[in-house]
>>> print(open('data11.txt').read())   # compact mmCIF, N, CA and C atoms
# COMPACT_ATOMS: atom_id res chain seq x y z
N MET F 1 0.83 -1.18 0.00
CA MET F 1 0.00 0.00 0.00
C MET F 1 0.88 1.25 0.00
N ALA F 2 0.40 2.25 -0.68
CA ALA F 2 1.16 3.50 -0.78
C ALA F 2 1.34 4.17 0.58
N CYS F 3 0.29 4.19 1.40
CA CYS F 3 0.41 4.86 2.70
C CYS F 3 1.38 4.11 3.61
N GLN F 4 1.46 2.81 3.45
CA GLN F 4 2.41 2.00 4.22
C GLN F 4 3.83 2.36 3.81
N LYS F 5 4.08 2.49 2.52
CA LYS F 5 5.41 2.87 2.03
C LYS F 5 5.78 4.28 2.47
N ALA F 6 4.81 5.18 2.44
CA ALA F 6 5.07 6.56 2.88
C ALA F 6 5.43 6.60 4.36
N ALA F 7 4.72 5.85 5.17
CA ALA F 7 5.02 5.81 6.61
C ALA F 7 6.39 5.21 6.86
N ASP F 8 6.74 4.18 6.10
CA ASP F 8 8.08 3.59 6.24
C ASP F 8 9.16 4.57 5.83
N TYR F 9 8.89 5.35 4.80
CA TYR F 9 9.83 6.37 4.34
C TYR F 9 10.08 7.39 5.44
N LEU F 10 9.03 7.77 6.14
CA LEU F 10 9.16 8.75 7.22
C LEU F 10 10.14 8.27 8.29
N ASP F 11 10.06 7.00 8.62
CA ASP F 11 10.96 6.47 9.65
C ASP F 11 12.41 6.67 9.27
N GLU F 12 12.68 6.51 7.99
CA GLU F 12 14.07 6.55 7.54
C GLU F 12 14.57 7.97 7.25
N PHE F 13 13.72 8.84 6.71
CA PHE F 13 14.22 10.09 6.18
C PHE F 13 13.70 11.38 6.82
N VAL F 14 12.61 11.31 7.54
CA VAL F 14 12.02 12.54 8.11
C VAL F 14 12.50 12.70 9.55
N PRO F 15 13.02 13.88 9.88
CA PRO F 15 13.55 14.09 11.23
C PRO F 15 12.44 14.08 12.29
N GLU F 16 12.85 13.76 13.51
CA GLU F 16 11.91 13.70 14.63
C GLU F 16 11.23 15.04 14.90
N THR F 17 11.81 16.13 14.42
CA THR F 17 11.20 17.44 14.64
C THR F 17 9.89 17.60 13.89
N GLU F 18 9.64 16.77 12.90
CA GLU F 18 8.40 16.84 12.12
C GLU F 18 7.43 15.76 12.59
N ILE F 19 7.22 15.72 13.89
CA ILE F 19 6.46 14.63 14.49
C ILE F 19 4.99 14.64 14.07
N GLN F 20 4.38 15.80 13.84
CA GLN F 20 2.98 15.81 13.42
C GLN F 20 2.82 15.25 12.02
N ARG F 21 3.80 15.47 11.17
CA ARG F 21 3.76 14.89 9.83
C ARG F 21 3.86 13.37 9.92
N LYS F 22 4.74 12.90 10.79
CA LYS F 22 4.86 11.46 10.99
C LYS F 22 3.57 10.88 11.55
N LEU F 23 3.01 11.56 12.54
CA LEU F 23 1.77 11.09 13.14
C LEU F 23 0.68 10.95 12.07
N SER F 24 0.53 11.93 11.22
CA SER F 24 -0.48 11.88 10.16
C SER F 24 -0.29 10.68 9.24
N MET F 25 0.94 10.41 8.87
CA MET F 25 1.20 9.29 7.96
C MET F 25 1.02 7.94 8.67
N TYR F 26 1.44 7.86 9.92
CA TYR F 26 1.21 6.61 10.66
C TYR F 26 -0.29 6.34 10.79
N LEU F 27 -1.05 7.40 11.07
CA LEU F 27 -2.50 7.23 11.18
C LEU F 27 -3.11 6.79 9.85
N ALA F 28 -2.66 7.41 8.76
CA ALA F 28 -3.19 7.03 7.44
C ALA F 28 -2.90 5.57 7.14
N ALA F 29 -1.68 5.15 7.41
CA ALA F 29 -1.31 3.75 7.15
C ALA F 29 -2.11 2.80 8.04
N ALA F 30 -2.21 3.13 9.32
CA ALA F 30 -2.93 2.25 10.25
C ALA F 30 -4.40 2.12 9.87
N TRP F 31 -5.06 3.26 9.60
CA TRP F 31 -6.48 3.20 9.24
C TRP F 31 -6.69 2.46 7.92
N ALA F 32 -5.86 2.76 6.93
CA ALA F 32 -6.03 2.10 5.62
C ALA F 32 -5.87 0.59 5.73
N LEU F 33 -4.84 0.17 6.44
CA LEU F 33 -4.61 -1.27 6.61
C LEU F 33 -5.72 -1.92 7.45
N ALA F 34 -6.12 -1.25 8.52
CA ALA F 34 -7.18 -1.80 9.37
C ALA F 34 -8.49 -1.92 8.58
N ASN F 35 -8.80 -0.89 7.79
CA ASN F 35 -10.04 -0.91 7.01
C ASN F 35 -10.01 -1.94 5.89
N SER F 36 -8.81 -2.35 5.48
CA SER F 36 -8.71 -3.36 4.42
C SER F 36 -8.66 -4.77 5.00
N GLY F 37 -8.81 -4.89 6.32
CA GLY F 37 -8.84 -6.21 6.94
C GLY F 37 -7.48 -6.73 7.38
N ALA F 38 -6.46 -5.89 7.32
CA ALA F 38 -5.10 -6.31 7.68
C ALA F 38 -4.72 -5.74 9.06
N ALA F 39 -5.49 -6.13 10.08
CA ALA F 39 -5.28 -5.57 11.42
C ALA F 39 -3.88 -5.84 11.95
N GLN F 40 -3.40 -7.04 11.74
CA GLN F 40 -2.06 -7.38 12.26
C GLN F 40 -0.98 -6.53 11.59
N THR F 41 -1.12 -6.28 10.30
CA THR F 41 -0.16 -5.44 9.58
C THR F 41 -0.31 -3.98 9.99
N ALA F 42 -1.52 -3.58 10.34
CA ALA F 42 -1.79 -2.20 10.74
C ALA F 42 -1.23 -1.88 12.12
N ARG F 43 -1.14 -2.89 12.96
CA ARG F 43 -0.77 -2.68 14.36
C ARG F 43 0.51 -1.87 14.57
N PRO F 44 1.63 -2.19 13.89
CA PRO F 44 2.85 -1.41 14.13
C PRO F 44 2.69 0.08 13.81
N TYR F 45 1.87 0.40 12.82
CA TYR F 45 1.64 1.81 12.47
C TYR F 45 0.79 2.49 13.54
N ALA F 46 -0.17 1.75 14.11
CA ALA F 46 -0.95 2.29 15.21
C ALA F 46 -0.06 2.53 16.43
N GLU F 47 0.85 1.60 16.69
CA GLU F 47 1.78 1.77 17.81
C GLU F 47 2.67 3.00 17.59
N LYS F 48 3.15 3.15 16.38
CA LYS F 48 3.98 4.32 16.06
C LYS F 48 3.18 5.61 16.19
N ALA F 49 1.91 5.56 15.82
CA ALA F 49 1.06 6.75 15.94
C ALA F 49 0.89 7.13 17.41
N VAL F 50 0.67 6.15 18.27
CA VAL F 50 0.52 6.44 19.70
C VAL F 50 1.83 7.00 20.25
N GLN F 51 2.95 6.41 19.85
CA GLN F 51 4.25 6.92 20.31
C GLN F 51 4.47 8.35 19.83
N ALA F 52 4.17 8.61 18.57
CA ALA F 52 4.33 9.97 18.03
C ALA F 52 3.40 10.93 18.74
N SER F 53 2.18 10.49 19.04
CA SER F 53 1.22 11.39 19.69
C SER F 53 1.66 11.76 21.09
N SER F 54 2.44 10.91 21.72
CA SER F 54 2.92 11.24 23.08
C SER F 54 3.91 12.40 23.06
N ARG F 55 4.41 12.74 21.88
CA ARG F 55 5.34 13.86 21.75
C ARG F 55 4.67 15.10 21.17
N THR F 56 3.34 15.05 21.02
CA THR F 56 2.59 16.20 20.50
C THR F 56 1.46 16.53 21.46
N LEU F 57 1.80 16.90 22.65
CA LEU F 57 0.82 17.06 23.72
C LEU F 57 -0.21 18.15 23.47
N ASP F 58 0.01 19.01 22.48
CA ASP F 58 -0.93 20.09 22.21
C ASP F 58 -1.88 19.78 21.05
N TYR F 59 -1.98 18.54 20.66
CA TYR F 59 -2.76 18.16 19.48
C TYR F 59 -3.75 17.06 19.86
N ALA F 60 -4.81 17.45 20.59
CA ALA F 60 -5.76 16.48 21.12
C ALA F 60 -6.40 15.62 20.03
N PHE F 61 -6.69 16.21 18.87
CA PHE F 61 -7.32 15.44 17.80
C PHE F 61 -6.40 14.31 17.33
N GLY F 62 -5.13 14.61 17.12
CA GLY F 62 -4.18 13.58 16.68
C GLY F 62 -3.96 12.51 17.72
N ILE F 63 -3.90 12.91 18.98
CA ILE F 63 -3.72 11.95 20.06
C ILE F 63 -4.93 11.02 20.13
N GLY F 64 -6.12 11.61 20.07
CA GLY F 64 -7.33 10.79 20.08
C GLY F 64 -7.40 9.84 18.90
N SER F 65 -6.99 10.31 17.75
CA SER F 65 -6.99 9.45 16.55
C SER F 65 -6.03 8.28 16.71
N ALA F 66 -4.87 8.54 17.31
CA ALA F 66 -3.89 7.47 17.51
C ALA F 66 -4.45 6.39 18.43
N TYR F 67 -5.03 6.82 19.55
CA TYR F 67 -5.63 5.84 20.46
C TYR F 67 -6.84 5.17 19.84
N GLY F 68 -7.59 5.91 19.03
CA GLY F 68 -8.77 5.34 18.38
C GLY F 68 -8.42 4.21 17.43
N VAL F 69 -7.44 4.44 16.57
CA VAL F 69 -7.09 3.40 15.60
C VAL F 69 -6.48 2.20 16.32
N ARG F 70 -5.65 2.45 17.33
CA ARG F 70 -5.08 1.31 18.05
C ARG F 70 -6.17 0.53 18.77
N GLY F 71 -7.14 1.24 19.35
CA GLY F 71 -8.24 0.56 20.03
C GLY F 71 -9.08 -0.27 19.09
N VAL F 72 -9.36 0.25 17.91
CA VAL F 72 -10.13 -0.51 16.92
C VAL F 72 -9.35 -1.75 16.48
N ILE F 73 -8.06 -1.59 16.24
CA ILE F 73 -7.24 -2.73 15.83
C ILE F 73 -7.19 -3.78 16.94
N GLU F 74 -7.00 -3.34 18.17
CA GLU F 74 -6.98 -4.29 19.30
C GLU F 74 -8.30 -5.03 19.41
N GLY F 75 -9.40 -4.33 19.20
CA GLY F 75 -10.70 -4.99 19.23
C GLY F 75 -10.82 -6.04 18.14
N THR F 76 -10.36 -5.70 16.95
CA THR F 76 -10.38 -6.64 15.83
C THR F 76 -9.56 -7.89 16.14
N LEU F 77 -8.46 -7.68 16.88
CA LEU F 77 -7.58 -8.80 17.24
C LEU F 77 -8.02 -9.49 18.54
N HIS F 78 -9.20 -9.13 19.05
CA HIS F 78 -9.80 -9.73 20.25
C HIS F 78 -8.99 -9.46 21.51
N GLU F 79 -8.31 -8.33 21.55
CA GLU F 79 -7.60 -7.89 22.75
C GLU F 79 -8.51 -6.86 23.42
N LEU F 80 -9.56 -7.36 24.05
CA LEU F 80 -10.66 -6.50 24.47
C LEU F 80 -10.31 -5.53 25.59
N ASP F 81 -9.51 -5.96 26.56
CA ASP F 81 -9.14 -5.05 27.65
C ASP F 81 -8.29 -3.89 27.12
N ALA F 82 -7.35 -4.22 26.24
CA ALA F 82 -6.51 -3.17 25.65
C ALA F 82 -7.36 -2.24 24.78
N SER F 83 -8.29 -2.80 24.05
CA SER F 83 -9.17 -1.99 23.21
C SER F 83 -10.02 -1.05 24.06
N ASP F 84 -10.55 -1.56 25.15
CA ASP F 84 -11.34 -0.75 26.08
C ASP F 84 -10.51 0.42 26.60
N ARG F 85 -9.29 0.15 27.00
CA ARG F 85 -8.40 1.20 27.52
C ARG F 85 -8.15 2.26 26.46
N ASP F 86 -7.80 1.84 25.25
CA ASP F 86 -7.45 2.80 24.21
C ASP F 86 -8.67 3.57 23.68
N LEU F 87 -9.80 2.92 23.58
CA LEU F 87 -11.00 3.64 23.13
C LEU F 87 -11.46 4.64 24.19
N THR F 88 -11.23 4.33 25.46
CA THR F 88 -11.52 5.32 26.51
C THR F 88 -10.64 6.55 26.33
N GLN F 89 -9.36 6.35 26.03
CA GLN F 89 -8.45 7.47 25.77
C GLN F 89 -8.89 8.25 24.53
N ALA F 90 -9.27 7.52 23.49
CA ALA F 90 -9.71 8.18 22.25
C ALA F 90 -10.92 9.07 22.52
N GLU F 91 -11.85 8.58 23.31
CA GLU F 91 -13.03 9.38 23.66
C GLU F 91 -12.62 10.64 24.42
N GLN F 92 -11.76 10.49 25.41
CA GLN F 92 -11.36 11.64 26.22
C GLN F 92 -10.69 12.71 25.37
N TYR F 93 -9.73 12.31 24.54
CA TYR F 93 -9.07 13.28 23.67
C TYR F 93 -10.02 13.80 22.59
N GLY F 94 -10.92 12.95 22.12
CA GLY F 94 -11.91 13.38 21.14
C GLY F 94 -12.83 14.45 21.70
N ARG F 95 -13.26 14.26 22.94
CA ARG F 95 -14.10 15.28 23.59
C ARG F 95 -13.34 16.59 23.73
N GLN F 96 -12.08 16.48 24.16
CA GLN F 96 -11.25 17.68 24.32
C GLN F 96 -11.08 18.41 22.99
N ALA F 97 -10.75 17.68 21.94
CA ALA F 97 -10.54 18.28 20.63
C ALA F 97 -11.83 18.95 20.13
N TYR F 98 -12.96 18.28 20.34
CA TYR F 98 -14.24 18.84 19.90
C TYR F 98 -14.57 20.12 20.66
N LYS F 99 -14.38 20.11 21.97
CA LYS F 99 -14.64 21.31 22.77
C LYS F 99 -13.74 22.47 22.34
N GLU F 100 -12.45 22.17 22.09
CA GLU F 100 -11.52 23.22 21.65
C GLU F 100 -11.93 23.76 20.29
N ALA F 101 -12.35 22.88 19.39
CA ALA F 101 -12.77 23.30 18.05
C ALA F 101 -14.01 24.19 18.13
N LEU F 102 -14.96 23.84 18.99
CA LEU F 102 -16.14 24.67 19.17
C LEU F 102 -15.76 26.05 19.71
N ALA F 103 -14.90 26.06 20.72
CA ALA F 103 -14.50 27.33 21.33
C ALA F 103 -13.76 28.23 20.34
N ASP F 104 -12.97 27.61 19.46
CA ASP F 104 -12.18 28.38 18.48
C ASP F 104 -12.95 28.64 17.19
N GLN F 105 -14.19 28.13 17.10
CA GLN F 105 -14.98 28.21 15.87
C GLN F 105 -14.19 27.70 14.67
N PHE F 106 -13.55 26.56 14.88
CA PHE F 106 -12.71 25.92 13.88
C PHE F 106 -13.56 25.34 12.76
N LYS F 107 -13.11 25.49 11.52
CA LYS F 107 -13.87 25.00 10.36
C LYS F 107 -14.06 23.49 10.39
N GLY F 108 -13.13 22.77 11.01
CA GLY F 108 -13.20 21.31 11.04
C GLY F 108 -13.98 20.74 12.20
N THR F 109 -14.78 21.57 12.86
CA THR F 109 -15.52 21.12 14.05
C THR F 109 -16.40 19.91 13.76
N GLU F 110 -17.08 19.91 12.63
CA GLU F 110 -17.98 18.79 12.29
C GLU F 110 -17.19 17.49 12.13
N MET F 111 -15.99 17.58 11.55
CA MET F 111 -15.15 16.39 11.41
C MET F 111 -14.74 15.87 12.79
N TYR F 112 -14.37 16.78 13.69
CA TYR F 112 -13.98 16.37 15.04
C TYR F 112 -15.14 15.67 15.73
N LYS F 113 -16.35 16.22 15.54
CA LYS F 113 -17.53 15.61 16.13
C LYS F 113 -17.77 14.22 15.55
N ALA F 114 -17.60 14.08 14.25
CA ALA F 114 -17.81 12.78 13.59
C ALA F 114 -16.84 11.73 14.13
N TYR F 115 -15.59 12.13 14.31
CA TYR F 115 -14.62 11.18 14.87
C TYR F 115 -15.01 10.78 16.28
N LEU F 116 -15.43 11.73 17.10
CA LEU F 116 -15.85 11.42 18.47
C LEU F 116 -17.03 10.46 18.46
N VAL F 117 -18.00 10.71 17.61
CA VAL F 117 -19.15 9.82 17.50
C VAL F 117 -18.70 8.41 17.11
N ASN F 118 -17.75 8.31 16.19
CA ASN F 118 -17.25 6.98 15.79
C ASN F 118 -16.56 6.28 16.95
N TYR F 119 -15.76 7.01 17.74
CA TYR F 119 -15.12 6.39 18.91
C TYR F 119 -16.17 5.90 19.89
N LEU F 120 -17.18 6.72 20.13
CA LEU F 120 -18.23 6.34 21.08
C LEU F 120 -18.98 5.09 20.60
N ARG F 121 -19.27 5.02 19.33
CA ARG F 121 -19.99 3.85 18.79
C ARG F 121 -19.13 2.59 18.83
N ALA F 122 -17.86 2.75 18.45
CA ALA F 122 -16.96 1.59 18.49
C ALA F 122 -16.81 1.08 19.92
N HIS F 123 -16.67 2.01 20.86
CA HIS F 123 -16.50 1.62 22.25
C HIS F 123 -17.79 0.98 22.78
N ALA F 124 -18.94 1.51 22.38
CA ALA F 124 -20.21 0.92 22.81
C ALA F 124 -20.33 -0.52 22.33
N ALA F 125 -19.94 -0.78 21.09
CA ALA F 125 -19.99 -2.16 20.56
C ALA F 125 -19.09 -3.07 21.37
N LEU F 126 -17.90 -2.58 21.69
CA LEU F 126 -16.97 -3.38 22.51
C LEU F 126 -17.56 -3.64 23.89
N LEU F 127 -18.12 -2.61 24.51
CA LEU F 127 -18.68 -2.77 25.86
C LEU F 127 -19.86 -3.74 25.86
N MET F 128 -20.65 -3.74 24.79
CA MET F 128 -21.74 -4.72 24.70
C MET F 128 -21.19 -6.14 24.63
N ALA F 129 -20.10 -6.31 23.88
CA ALA F 129 -19.46 -7.63 23.80
C ALA F 129 -18.92 -8.06 25.16
N LEU F 130 -18.58 -7.10 25.99
CA LEU F 130 -18.07 -7.38 27.34
C LEU F 130 -19.21 -7.45 28.37
N HIS F 131 -20.45 -7.37 27.90
CA HIS F 131 -21.65 -7.42 28.75
C HIS F 131 -21.68 -6.27 29.75
N ARG F 132 -21.26 -5.11 29.29
CA ARG F 132 -21.29 -3.89 30.10
C ARG F 132 -22.28 -2.92 29.44
N ASP F 133 -23.53 -3.38 29.41
CA ASP F 133 -24.58 -2.69 28.67
C ASP F 133 -24.84 -1.27 29.15
N LYS F 134 -24.80 -1.05 30.45
CA LYS F 134 -25.08 0.29 30.97
C LYS F 134 -24.06 1.29 30.44
N GLU F 135 -22.78 0.93 30.45
CA GLU F 135 -21.73 1.81 29.92
C GLU F 135 -21.89 1.99 28.42
N ALA F 136 -22.23 0.91 27.73
CA ALA F 136 -22.44 0.97 26.29
C ALA F 136 -23.57 1.93 25.95
N ASN F 137 -24.68 1.82 26.67
CA ASN F 137 -25.83 2.69 26.41
C ASN F 137 -25.50 4.15 26.69
N ALA F 138 -24.68 4.42 27.69
CA ALA F 138 -24.29 5.80 27.99
C ALA F 138 -23.51 6.39 26.81
N ARG F 139 -22.64 5.59 26.20
CA ARG F 139 -21.87 6.07 25.06
C ARG F 139 -22.76 6.27 23.84
N LEU F 140 -23.70 5.37 23.64
CA LEU F 140 -24.63 5.53 22.51
C LEU F 140 -25.50 6.76 22.70
N ASP F 141 -25.92 7.00 23.94
CA ASP F 141 -26.71 8.21 24.22
C ASP F 141 -25.89 9.46 23.94
N GLU F 142 -24.62 9.45 24.33
CA GLU F 142 -23.76 10.60 24.06
C GLU F 142 -23.59 10.81 22.56
N ALA F 143 -23.39 9.71 21.84
CA ALA F 143 -23.24 9.80 20.38
C ALA F 143 -24.49 10.40 19.73
N VAL F 144 -25.66 9.95 20.17
CA VAL F 144 -26.92 10.48 19.62
C VAL F 144 -27.05 11.96 19.95
N SER F 145 -26.65 12.35 21.15
CA SER F 145 -26.78 13.76 21.54
C SER F 145 -25.88 14.68 20.71
N LEU F 146 -24.85 14.13 20.12
CA LEU F 146 -23.94 14.92 19.30
C LEU F 146 -24.44 15.08 17.86
N LYS F 147 -25.33 14.21 17.43
CA LYS F 147 -25.81 14.24 16.04
C LYS F 147 -26.67 15.43 15.75
>>> encode(input="data11.txt", output="structure tokens")
Amino acid sequence: MACQKAADYLDEFVPETEIQRKLSMYLAAAWALANSGAAQTARPYAEKAVQASSRTLDYAFGIGSAYGVRGVIEGTLHELDASDRDLTQAEQYGRQAYKEALADQFKGTEMYKAYLVNYLRAHAALLMALHRDKEANARLDEAVSLK
């Protein structure tokens, strides 16, 4: 995949000072591979995205996206506790990013909201699989309230 090659190129040639660029490419590779059914191949890119996001503390949307993709991949690989942990982080950063976007009247506010809704829905599905229906319903209610 092209995004996979681009992310690999970043590791070799792009300096650590361009961490947000790396984060974006790792996220693109992880999501593309995960969406194509290659969760195991996507995992290293999700891990790199989380590592990169830990060095961009002022970018809540990117941090939430990193945890979101890793959580989805972990869920696909039946690592449910890890998925629960990461999707919880994705929701927290997603809420923060959405609130900041609203306060700043950012043009991408609707996109931030859509990502948050997706994290909430994915986490709700996981929680239902874990027989934690009350928590799942709370997330679904929050997702509906954002629509």
>>> closest_residue(input="data11.txt", among="F:Trp31, F:Asp84, F:Val117, F:Gln51", to="Val144 (chain F)", atoms="all atoms listed in the file")
F:Val117
>>> residues_around(input="data11.txt", residues="region 90-100 of chain F", least_positions_apart="3", cutoff="6 Å", atoms="all atoms listed in the file", output="ChimeraX atom specification")
/F:60-61,63-65,67-68,86-87,103-105,112-113,116,119
>>> atom_distance(input="data11.txt", atom1="CA of Leu146 (chain F)", atom2="CA of Leu127 (chain F)")
19.6 Å
>>> atom_distance(input="data11.txt", atom1="atom C of Gly37 (chain F)", atom2="atom C of Leu140 (chain F)")
27.2 Å
>>> residues_around(input="data11.txt", residues="Tyr45 (chain F)", least_positions_apart="2", cutoff="7 Å", atoms="all atoms listed in the file", output="PyMOL selection string")
chain F and resi 26-27+29-30+41-43+47-50
>>> atom_distance(input="data11.txt", atom1="CA of Leu77 (chain F)", atom2="CA of Leu126 (chain F)")
12.1 Å
>>> closest_residue(input="data11.txt", among="F:Ala66, F:Asp141, F:His131, F:His123", to="Ala46 (chain F)", atoms="only N, CA and C atoms")
F:Ala66
>>> build_atoms(input="data11.txt", residues="region 76-85 of chain F", atoms="all heavy atoms", output="PDB file, in the frame of the given file")
ATOM      1  N   THR F  76     -10.360  -5.700  16.950  1.00  0.00           N
ATOM      2  CA  THR F  76     -10.380  -6.640  15.830  1.00  0.00           C
ATOM      3  C   THR F  76      -9.560  -7.890  16.140  1.00  0.00           C
ATOM      4  O   THR F  76      -9.922  -8.998  15.751  1.00  0.00           O
ATOM      5  CB  THR F  76      -9.848  -5.960  14.554  1.00  0.00           C
ATOM      6  OG1 THR F  76     -10.663  -4.818  14.282  1.00  0.00           O
ATOM      7  CG2 THR F  76      -9.852  -6.903  13.362  1.00  0.00           C
ATOM      8  N   LEU F  77      -8.460  -7.680  16.880  1.00  0.00           N
ATOM      9  CA  LEU F  77      -7.580  -8.800  17.240  1.00  0.00           C
ATOM     10  C   LEU F  77      -8.020  -9.490  18.540  1.00  0.00           C
ATOM     11  O   LEU F  77      -7.281 -10.310  19.083  1.00  0.00           O
ATOM     12  CB  LEU F  77      -6.135  -8.295  17.367  1.00  0.00           C
ATOM     13  CG  LEU F  77      -5.524  -7.744  16.068  1.00  0.00           C
ATOM     14  CD1 LEU F  77      -4.168  -7.120  16.334  1.00  0.00           C
ATOM     15  CD2 LEU F  77      -5.432  -8.840  15.014  1.00  0.00           C
ATOM     16  N   HIS F  78      -9.200  -9.130  19.050  1.00  0.00           N
ATOM     17  CA  HIS F  78      -9.800  -9.730  20.250  1.00  0.00           C
ATOM     18  C   HIS F  78      -8.990  -9.460  21.510  1.00  0.00           C
ATOM     19  O   HIS F  78      -9.036 -10.257  22.452  1.00  0.00           O
ATOM     20  CB  HIS F  78     -10.047 -11.234  20.051  1.00  0.00           C
ATOM     21  CG  HIS F  78     -10.871 -11.527  18.854  1.00  0.00           C
ATOM     22  ND1 HIS F  78     -12.235 -11.308  18.814  1.00  0.00           N
ATOM     23  CD2 HIS F  78     -10.537 -11.985  17.629  1.00  0.00           C
ATOM     24  CE1 HIS F  78     -12.695 -11.624  17.621  1.00  0.00           C
ATOM     25  NE2 HIS F  78     -11.692 -12.037  16.876  1.00  0.00           N
ATOM     26  N   GLU F  79      -8.310  -8.330  21.550  1.00  0.00           N
ATOM     27  CA  GLU F  79      -7.600  -7.890  22.750  1.00  0.00           C
ATOM     28  C   GLU F  79      -8.510  -6.860  23.420  1.00  0.00           C
ATOM     29  O   GLU F  79      -8.283  -5.653  23.359  1.00  0.00           O
ATOM     30  CB  GLU F  79      -6.241  -7.306  22.378  1.00  0.00           C
ATOM     31  CG  GLU F  79      -5.337  -8.332  21.723  1.00  0.00           C
ATOM     32  CD  GLU F  79      -4.077  -7.731  21.127  1.00  0.00           C
ATOM     33  OE1 GLU F  79      -3.815  -6.525  21.306  1.00  0.00           O
ATOM     34  OE2 GLU F  79      -3.361  -8.487  20.457  1.00  0.00           O
ATOM     35  N   LEU F  80      -9.560  -7.360  24.050  1.00  0.00           N
ATOM     36  CA  LEU F  80     -10.660  -6.500  24.470  1.00  0.00           C
ATOM     37  C   LEU F  80     -10.310  -5.530  25.590  1.00  0.00           C
ATOM     38  O   LEU F  80     -10.763  -4.385  25.579  1.00  0.00           O
ATOM     39  CB  LEU F  80     -11.862  -7.365  24.844  1.00  0.00           C
ATOM     40  CG  LEU F  80     -12.340  -8.323  23.736  1.00  0.00           C
ATOM     41  CD1 LEU F  80     -13.600  -9.041  24.161  1.00  0.00           C
ATOM     42  CD2 LEU F  80     -12.531  -7.608  22.415  1.00  0.00           C
ATOM     43  N   ASP F  81      -9.510  -5.960  26.560  1.00  0.00           N
ATOM     44  CA  ASP F  81      -9.140  -5.050  27.650  1.00  0.00           C
ATOM     45  C   ASP F  81      -8.290  -3.890  27.120  1.00  0.00           C
ATOM     46  O   ASP F  81      -8.485  -2.741  27.500  1.00  0.00           O
ATOM     47  CB  ASP F  81      -8.388  -5.781  28.761  1.00  0.00           C
ATOM     48  CG  ASP F  81      -9.298  -6.711  29.546  1.00  0.00           C
ATOM     49  OD1 ASP F  81     -10.529  -6.496  29.551  1.00  0.00           O
ATOM     50  OD2 ASP F  81      -8.772  -7.664  30.165  1.00  0.00           O
ATOM     51  N   ALA F  82      -7.350  -4.220  26.240  1.00  0.00           N
ATOM     52  CA  ALA F  82      -6.510  -3.170  25.650  1.00  0.00           C
ATOM     53  C   ALA F  82      -7.360  -2.240  24.780  1.00  0.00           C
ATOM     54  O   ALA F  82      -7.169  -1.018  24.809  1.00  0.00           O
ATOM     55  CB  ALA F  82      -5.389  -3.803  24.831  1.00  0.00           C
ATOM     56  N   SER F  83      -8.290  -2.800  24.050  1.00  0.00           N
ATOM     57  CA  SER F  83      -9.170  -1.990  23.210  1.00  0.00           C
ATOM     58  C   SER F  83     -10.020  -1.050  24.060  1.00  0.00           C
ATOM     59  O   SER F  83     -10.171   0.128  23.739  1.00  0.00           O
ATOM     60  CB  SER F  83     -10.066  -2.902  22.365  1.00  0.00           C
ATOM     61  OG  SER F  83     -10.930  -2.150  21.557  1.00  0.00           O
ATOM     62  N   ASP F  84     -10.550  -1.560  25.150  1.00  0.00           N
ATOM     63  CA  ASP F  84     -11.340  -0.750  26.080  1.00  0.00           C
ATOM     64  C   ASP F  84     -10.510   0.420  26.600  1.00  0.00           C
ATOM     65  O   ASP F  84     -10.961   1.567  26.593  1.00  0.00           O
ATOM     66  CB  ASP F  84     -11.822  -1.629  27.235  1.00  0.00           C
ATOM     67  CG  ASP F  84     -12.688  -0.900  28.242  1.00  0.00           C
ATOM     68  OD1 ASP F  84     -13.344   0.100  27.883  1.00  0.00           O
ATOM     69  OD2 ASP F  84     -12.718  -1.350  29.403  1.00  0.00           O
ATOM     70  N   ARG F  85      -9.290   0.150  27.000  1.00  0.00           N
ATOM     71  CA  ARG F  85      -8.400   1.200  27.520  1.00  0.00           C
ATOM     72  C   ARG F  85      -8.150   2.260  26.460  1.00  0.00           C
ATOM     73  O   ARG F  85      -8.265   3.458  26.715  1.00  0.00           O
ATOM     74  CB  ARG F  85      -7.079   0.565  27.952  1.00  0.00           C
ATOM     75  CG  ARG F  85      -6.038   1.557  28.467  1.00  0.00           C
ATOM     76  CD  ARG F  85      -4.634   0.980  28.480  1.00  0.00           C
ATOM     77  NE  ARG F  85      -4.213   0.696  27.109  1.00  0.00           N
ATOM     78  CZ  ARG F  85      -3.681  -0.456  26.706  1.00  0.00           C
ATOM     79  NH1 ARG F  85      -3.481  -1.443  27.538  1.00  0.00           N
ATOM     80  NH2 ARG F  85      -3.343  -0.625  25.440  1.00  0.00           N
TER      81      ARG F  85
END
